[in-house]
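Engineer: For reference, the file target-v9.cif (mmCIF, C-alpha atoms and all ligand atoms) is included below:
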```
data_upload
loop_
_atom_site.label_atom_id
_atom_site.label_comp_id
_atom_site.auth_asym_id
_atom_site.auth_seq_id
_atom_site.Cartn_x
_atom_site.Cartn_y
_atom_site.Cartn_z
CA MET A 1 10.37 4.88 -34.66
CA ARG A 2 13.47 3.76 -36.46
CA ILE A 3 12.71 0.53 -38.28
CA LEU A 4 14.94 -1.98 -40.07
CA LEU A 5 13.24 -3.77 -42.95
CA VAL A 6 14.99 -6.84 -44.33
CA GLU A 7 13.15 -7.72 -47.54
CA ASP A 8 14.49 -8.62 -50.98
CA GLU A 9 11.37 -8.04 -53.06
CA ASP A 10 11.30 -4.42 -54.24
CA ARG A 11 7.54 -4.37 -54.66
CA VAL A 12 6.87 -5.59 -51.10
CA ALA A 13 9.58 -3.37 -49.65
CA SER A 14 8.29 -0.20 -51.28
CA PHE A 15 4.73 -0.99 -50.14
CA ILE A 16 5.91 -1.34 -46.54
CA ILE A 17 8.29 1.64 -46.63
CA LYS A 18 5.64 3.92 -48.11
CA GLY A 19 3.17 2.99 -45.38
CA LEU A 20 5.67 3.32 -42.56
CA ASN A 21 6.96 6.67 -43.81
CA ALA A 22 3.38 7.94 -43.92
CA GLU A 23 3.07 7.03 -40.23
CA GLY A 24 6.20 9.02 -39.45
CA HIS A 25 8.66 6.16 -39.11
CA THR A 26 12.19 6.11 -40.48
CA VAL A 27 12.99 2.93 -42.42
CA GLU A 28 16.36 1.46 -43.37
CA ARG A 29 16.12 -1.35 -45.88
CA ALA A 30 18.36 -4.36 -46.40
CA ALA A 31 17.77 -6.81 -49.27
CA THR A 32 20.10 -9.61 -48.17
CA VAL A 33 21.09 -11.47 -44.99
CA ALA A 34 24.53 -9.87 -45.20
CA ASP A 35 23.10 -6.33 -45.39
CA GLY A 36 20.60 -7.06 -42.62
CA VAL A 37 23.36 -8.28 -40.32
CA ALA A 38 25.57 -5.30 -41.18
CA LEU A 39 22.83 -2.69 -40.62
CA SER A 40 21.59 -4.23 -37.38
CA ALA A 41 25.15 -4.30 -36.05
CA ALA A 42 25.88 -0.71 -37.06
CA PHE A 43 22.67 1.01 -35.92
CA GLU A 44 20.12 0.75 -33.17
CA PHE A 45 16.55 0.07 -34.29
CA ASP A 46 13.27 0.22 -32.41
CA ILE A 47 11.83 -2.67 -34.36
CA VAL A 48 13.01 -5.10 -37.06
CA LEU A 49 10.82 -6.52 -39.85
CA LEU A 50 12.38 -9.65 -41.25
CA ASP A 51 11.62 -11.57 -44.43
CA ARG A 52 12.59 -15.27 -44.44
CA MET A 53 13.57 -16.14 -47.97
CA LEU A 54 16.48 -13.91 -48.99
CA PRO A 55 18.85 -14.32 -51.93
CA ASP A 56 21.83 -15.26 -49.75
CA GLY A 57 20.07 -17.31 -47.08
CA ASP A 58 17.37 -17.56 -44.45
CA GLY A 59 16.21 -14.45 -42.54
CA ARG A 60 16.63 -16.40 -39.31
CA MET A 61 20.38 -15.81 -39.65
CA VAL A 62 19.70 -12.10 -39.18
CA LEU A 63 17.54 -12.89 -36.14
CA GLU A 64 20.38 -14.91 -34.60
CA GLU A 65 22.80 -12.00 -35.05
CA ILE A 66 20.33 -9.48 -33.61
CA ARG A 67 19.74 -11.64 -30.54
CA LYS A 68 23.51 -11.73 -29.90
CA SER A 69 23.76 -7.96 -29.54
CA ALA A 70 20.43 -6.17 -29.02
CA GLU A 71 18.46 -8.55 -26.88
CA ASN A 72 15.28 -6.50 -26.54
CA THR A 73 14.73 -5.17 -30.05
CA PRO A 74 11.35 -6.54 -31.17
CA VAL A 75 11.61 -8.64 -34.33
CA ILE A 76 8.56 -9.34 -36.49
CA VAL A 77 9.04 -12.07 -39.09
CA LEU A 78 7.29 -11.54 -42.42
CA SER A 79 7.01 -14.72 -44.36
CA ALA A 80 5.17 -16.63 -47.01
CA LEU A 81 5.98 -19.75 -45.04
CA GLY A 82 2.91 -20.06 -42.82
CA GLU A 83 3.38 -23.53 -41.40
CA THR A 84 2.72 -23.79 -37.66
CA ASP A 85 5.95 -25.63 -36.92
CA ASP A 86 7.90 -22.98 -38.70
CA LYS A 87 6.21 -20.23 -36.71
CA VAL A 88 6.82 -21.97 -33.37
CA GLU A 89 10.45 -22.49 -34.30
CA LEU A 90 10.96 -18.81 -35.12
CA LEU A 91 9.29 -17.67 -31.91
CA ASP A 92 11.51 -20.09 -29.97
CA GLN A 93 14.52 -18.52 -31.62
CA GLY A 94 13.56 -15.13 -30.26
CA ALA A 95 11.21 -13.59 -32.82
CA ASP A 96 8.46 -11.57 -31.14
CA ASP A 97 5.79 -11.94 -33.76
CA TYR A 98 5.07 -13.56 -37.10
CA LEU A 99 3.03 -12.23 -39.98
CA VAL A 100 2.11 -14.36 -42.98
CA LYS A 101 2.26 -12.81 -46.46
CA PRO A 102 0.26 -11.40 -48.02
CA PHE A 103 -0.92 -9.06 -45.28
CA ALA A 104 -2.70 -5.73 -45.18
CA PHE A 105 -0.59 -2.75 -44.18
CA ALA A 106 -3.00 -1.96 -41.33
CA GLU A 107 -2.30 -5.37 -39.84
CA LEU A 108 1.44 -4.80 -39.97
CA ALA A 109 1.01 -1.35 -38.41
CA ALA A 110 -1.06 -2.85 -35.57
CA ARG A 111 1.58 -5.53 -34.89
CA ILE A 112 4.29 -2.88 -34.83
CA ARG A 113 2.35 -0.83 -32.28
CA ALA A 114 1.62 -3.89 -30.14
CA ASN A 115 5.22 -5.03 -30.12
CA ALA A 116 6.58 -1.56 -29.43
CA ARG A 117 4.22 -1.25 -26.44
CA HIS A 118 5.25 -4.66 -25.19
CA GLU A 119 8.87 -3.61 -25.32
CA GLN A 120 8.14 -0.45 -23.32
CA GLN A 121 6.19 -2.24 -20.61
CA SER A 122 8.69 -5.02 -20.22
CA SER A 123 11.40 -2.60 -19.22
CA ARG A 124 9.89 -0.38 -16.54
CA VAL A 125 13.16 0.12 -14.69
CA LEU A 126 16.07 0.78 -16.99
CA SER A 127 19.51 0.43 -15.53
CA VAL A 128 22.96 0.75 -16.97
CA GLY A 129 26.02 0.61 -14.72
CA ASP A 130 25.14 2.42 -11.49
CA VAL A 131 22.45 4.60 -13.09
CA SER A 132 18.81 3.57 -13.08
CA LEU A 133 15.58 5.14 -14.22
CA ASP A 134 12.07 4.15 -13.20
CA THR A 135 9.95 4.94 -16.24
CA LEU A 136 6.70 5.01 -14.27
CA SER A 137 7.69 7.27 -11.39
CA ARG A 138 10.29 8.94 -13.65
CA ILE A 139 12.86 8.85 -10.86
CA ALA A 140 16.53 8.63 -11.80
CA ARG A 141 19.29 7.40 -9.52
CA ARG A 142 23.03 7.15 -9.62
CA GLY A 143 24.24 4.95 -6.76
CA ASP A 144 22.12 5.97 -3.76
CA VAL A 145 21.44 9.48 -4.96
CA THR A 146 18.02 10.33 -6.39
CA ILE A 147 18.13 12.80 -9.25
CA ASP A 148 15.30 15.04 -10.35
CA LEU A 149 15.16 15.60 -14.11
CA PRO A 150 13.05 18.00 -16.18
CA SER A 151 11.20 16.30 -19.04
CA ARG A 152 13.70 16.81 -21.86
CA GLU A 153 16.66 15.65 -19.76
CA TYR A 154 14.56 12.69 -18.65
CA ALA A 155 13.76 11.77 -22.28
CA LEU A 156 17.42 12.04 -23.24
CA LEU A 157 18.57 9.83 -20.36
CA GLU A 158 15.81 7.32 -21.08
CA TYR A 159 16.89 7.05 -24.70
CA LEU A 160 20.54 6.59 -23.73
CA LEU A 161 19.64 3.88 -21.19
CA ARG A 162 17.49 2.04 -23.72
CA HIS A 163 20.48 1.79 -26.05
CA PRO A 164 23.44 0.84 -23.87
CA ASN A 165 26.84 0.20 -25.46
CA HIS A 166 25.80 1.79 -28.74
CA VAL A 167 27.30 5.00 -30.00
CA LEU A 168 24.36 7.35 -30.58
CA SER A 169 24.91 10.19 -33.00
CA ARG A 170 23.68 13.71 -32.30
CA GLN A 171 21.21 13.31 -35.15
CA GLN A 172 19.80 10.11 -33.65
CA LEU A 173 19.38 11.80 -30.28
CA LEU A 174 17.80 14.85 -31.91
CA ASP A 175 15.32 12.67 -33.80
CA ALA A 176 14.49 10.63 -30.74
CA VAL A 177 14.18 13.36 -28.12
CA TRP A 178 13.36 16.55 -30.00
CA GLY A 179 11.61 15.18 -33.07
CA PHE A 180 12.42 15.11 -36.75
CA ASP A 181 11.76 18.74 -37.57
CA PHE A 182 14.25 20.19 -35.15
CA ASP A 183 17.05 22.33 -36.60
CA THR A 184 19.91 19.92 -37.18
CA GLY A 185 22.54 22.64 -36.98
CA SER A 186 21.68 23.20 -33.34
CA ASN A 187 24.00 22.20 -30.48
CA VAL A 188 21.02 21.44 -28.23
CA VAL A 189 22.10 17.81 -27.76
CA ASP A 190 25.50 18.84 -26.39
CA VAL A 191 23.89 21.41 -24.13
CA TYR A 192 21.50 18.85 -22.64
CA ILE A 193 24.22 16.20 -22.29
CA GLY A 194 26.00 18.88 -20.26
CA TYR A 195 22.94 19.33 -18.03
CA LEU A 196 22.70 15.57 -17.49
CA ARG A 197 26.38 15.29 -16.62
CA ARG A 198 26.16 18.05 -14.07
CA LYS A 199 23.50 16.06 -12.23
CA LEU A 200 24.68 12.50 -12.78
CA ASP A 201 28.40 13.02 -12.27
CA GLU A 202 28.34 15.08 -9.09
CA GLY A 203 30.76 13.42 -6.66
CA TYR A 204 32.10 11.06 -9.35
CA THR A 205 35.40 11.30 -11.19
CA ASP A 206 34.13 9.53 -14.32
CA SER A 207 31.40 10.82 -16.59
CA PHE A 208 28.48 8.43 -16.96
CA VAL A 209 27.76 9.61 -20.51
CA GLU A 210 30.88 9.13 -22.61
CA THR A 211 31.78 11.33 -25.54
CA VAL A 212 32.88 9.31 -28.56
CA ARG A 213 34.92 11.74 -30.56
CA GLY A 214 33.48 12.54 -33.98
CA ALA A 215 30.64 10.06 -33.50
CA GLY A 216 28.37 10.93 -30.60
CA TYR A 217 27.63 9.65 -27.11
CA ARG A 218 27.49 6.31 -25.35
CA VAL A 219 26.60 4.84 -21.98
CA ARG A 220 28.21 1.53 -21.08
CA SER A 221 26.98 -1.35 -19.00
CA CA A 301 11.87 -12.90 -49.97
#
```
Reformat the file's structure so that it appears as structure tokens.
Ligand code: CA
Structural biologist:
Amino acid sequence: MRILLVEDEDRVASFIIKGLNAEGHTVERAATVADGVALSAAFEFDIVLLDRMLPDGDGRMVLEEIRKSAENTPVIVLSALGETDDKVELLDQGADDYLVKPFAFAELAARIRANARHEQQSSRVLSVGDVSLDTLSRIARRGDVTIDLPSREYALLEYLLRHPNHVLSRQQLLDAVWGFDFDTGSNVVDVYIGYLRRKLDEGYTDSFVETVRGAGYRVRS
């Protein structure tokens, strides 16, 4: 998964990053509210880990910004503030979970897995514009037409639909659908976008998957 860590303490951040990297996750780190807001606006993350006490303010400001744009991204608050009222307040504001420092890495890893699963289950049918995808039956539709997709095309469409209105780079799509070790010089993403278009756009004048020149691809709701 691609994880955003907002944490100002180097020692805590490197402990978390080391553990997450060992589990195969990619971590971007921000050390301030301003950086956290900027990174969460610029990139799509599968999960956000958020410290409260940051040099330029309260981590909840990052949470507020995230909830404005990426409604479903799970946010786990990491905090030394363990008061019950504080926890309830954060959950009310849209945090998905709350972990009190200090914590064992295994506990953090378990919370990440639990919240990632929750996110997957809560969105069984993904739909963007007139395209929908049932992630249990794996049936795709555009309008009234049912579309049969082989597994890689399915995974690509699912990833696009889970990140509507974001420009996804070829590298992001490669990492998400083909895995991190795939040859990055390959044009496999463009080839498979072509396959998807052939199926999704038949009978339509517009292409469901937009090309954003020099940047990647996007689907819009
Ligand atoms: Ca802190």
Engineer: Check the smallest atom-to-atom distance from each of A:Asp35, A:Phe15, A:Val27, A:Asp51 to ligand CA 301 (chain A) using only C-alpha atoms and all ligand atoms, then report the winner.
Structural biologist: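 So, comparing all the options, the nearest one is A:Asp51.
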Engineer: Neighbours of ligand CA 301 (chain A) at 8 Å or closer, counting all atoms listed in the file: which residues, as a VMD selection string?
Structural biologist: chain A and resid 7 to 9 51 to 55 79
Engineer: Per residue of region 20-65 of chain A within 10 Å of region 155-179 of chain A, note the shortest atom pair and the distance in Å to one decimal, counting only C-alpha atoms, and order the rows by chain and increasing residue number, as a Markdown table.
Structural biologist:
```
| residue | atom | partner | partner_atom | distance |
| --- | --- | --- | --- | --- |
| A:Thr26 | CA | A:Asp175 | CA | 9.9 |
| A:Ala41 | CA | A:His166 | CA | 9.5 |
| A:Ala42 | CA | A:His166 | CA | 8.7 |
| A:Phe43 | CA | A:His166 | CA | 7.9 |
| A:Glu44 | CA | A:His163 | CA | 7.2 |
| A:Phe45 | CA | A:His163 | CA | 9.3 |
| A:Asp46 | CA | A:His163 | CA | 9.7 |
```
Engineer: CA of Arg220 (chain A) and CA of Ile76 (chain A), how far apart in Å?
Structural biologist: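 Atom-to-atom, CA of Ile76 (chain A) and CA of Arg220 (chain A) are spaced 27.2 Å apart.
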Engineer: Using all atoms listed in the file, which protein or nucleic acid residues come within 9 Å of region 60-70 of chain A? Drop anything in the same chain fewer than 2 positions from it, and give the result as a ChimeraX atom specification.
Structural biologist: /A:6,33-34,36-37,40-41,44,50-52,57-58,72-73,75,77,90,93-95,163
Engineer: Please determine, counting all atoms listed in the file, which residue among A:Val128, A:Leu78, A:Val145, A:Ala140 has the shortest atom-to-atom distance to Arg111 (chain A).
Structural biologist: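 Among the listed residues, A:Leu78 lies closest to Arg111 (chain A).
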Engineer: Do you know which residues are at most 12 Å from Leu196 (chain A) counting all atoms listed in the file, after dropping those on the same chain fewer than 4 positions away, and could you put them as a ChimeraX atom specification?
Structural biologist: /A:131,140-142,147-158,160,189-192,200-202,207-210
Engineer: Record the distance separating CA of Leu20 (chain A) and CA of Leu136 (chain A), expressed in Å with one decimal.
Structural biologist: 28.4 Å
Engineer: In Å, with one decimal, what is the gap from CA of Glu28 (chain A) to CA of Val48 (chain A)?
Structural biologist: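 Atom-to-atom, CA of Glu28 (chain A) and CA of Val48 (chain A) are spaced 9.7 Å apart.
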Engineer: Rank nothing, just name the residue among A:Ile3, A:Ile16, A:Thr146, A:Thr32 nearest to Glu107 (chain A), using only C-alpha atoms.
Structural biologist: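 Answer, going by the shortest atom-to-atom distance: A:Ile16.
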Engineer: Calculate, to one decimal in Å, the centre and edge lengths of the box along x, y and z of the file that holds all listed atoms of region 24-28 of chain A with 5 Å of margin on each side, and present them as AutoDock Vina command-line options.
Structural biologist:
```
--center_x 11.3 --center_y 5.2 --center_z -41.2 --size_x 20.2 --size_y 17.6 --size_z 14.3
```
Engineer: What would the list of residues within 6 Å of (1.7, -13.8, -50.4) (file frame) look like as a PDB file with C-alpha atoms, in the frame of the given file, if only C-alpha atoms are what count?
Structural biologist:
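Below is the file part.pdb, written as the result:
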```
ATOM      1  CA  ALA A  80       5.170 -16.630 -47.010  1.00  0.00           C
ATOM      2  CA  LYS A 101       2.260 -12.810 -46.460  1.00  0.00           C
ATOM      3  CA  PRO A 102       0.260 -11.400 -48.020  1.00  0.00           C
TER       4      PRO A 102
END
```
Engineer: Of the candidates A:Ile17, A:Arg124, A:Gly203, A:Leu49, which one gets nearest to Tyr98 (chain A) if we count all atoms listed in the file?
Structural biologist: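 The closest residue to Tyr98 (chain A) is A:Leu49.
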Engineer: Closest to Asn115 (chain A) among A:Pro74, A:Gly59, A:Gly24, A:Gly216, using only C-alpha atoms?
Structural biologist: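 Among the listed residues, the smallest separation from Asn115 (chain A) belongs to A:Pro74.
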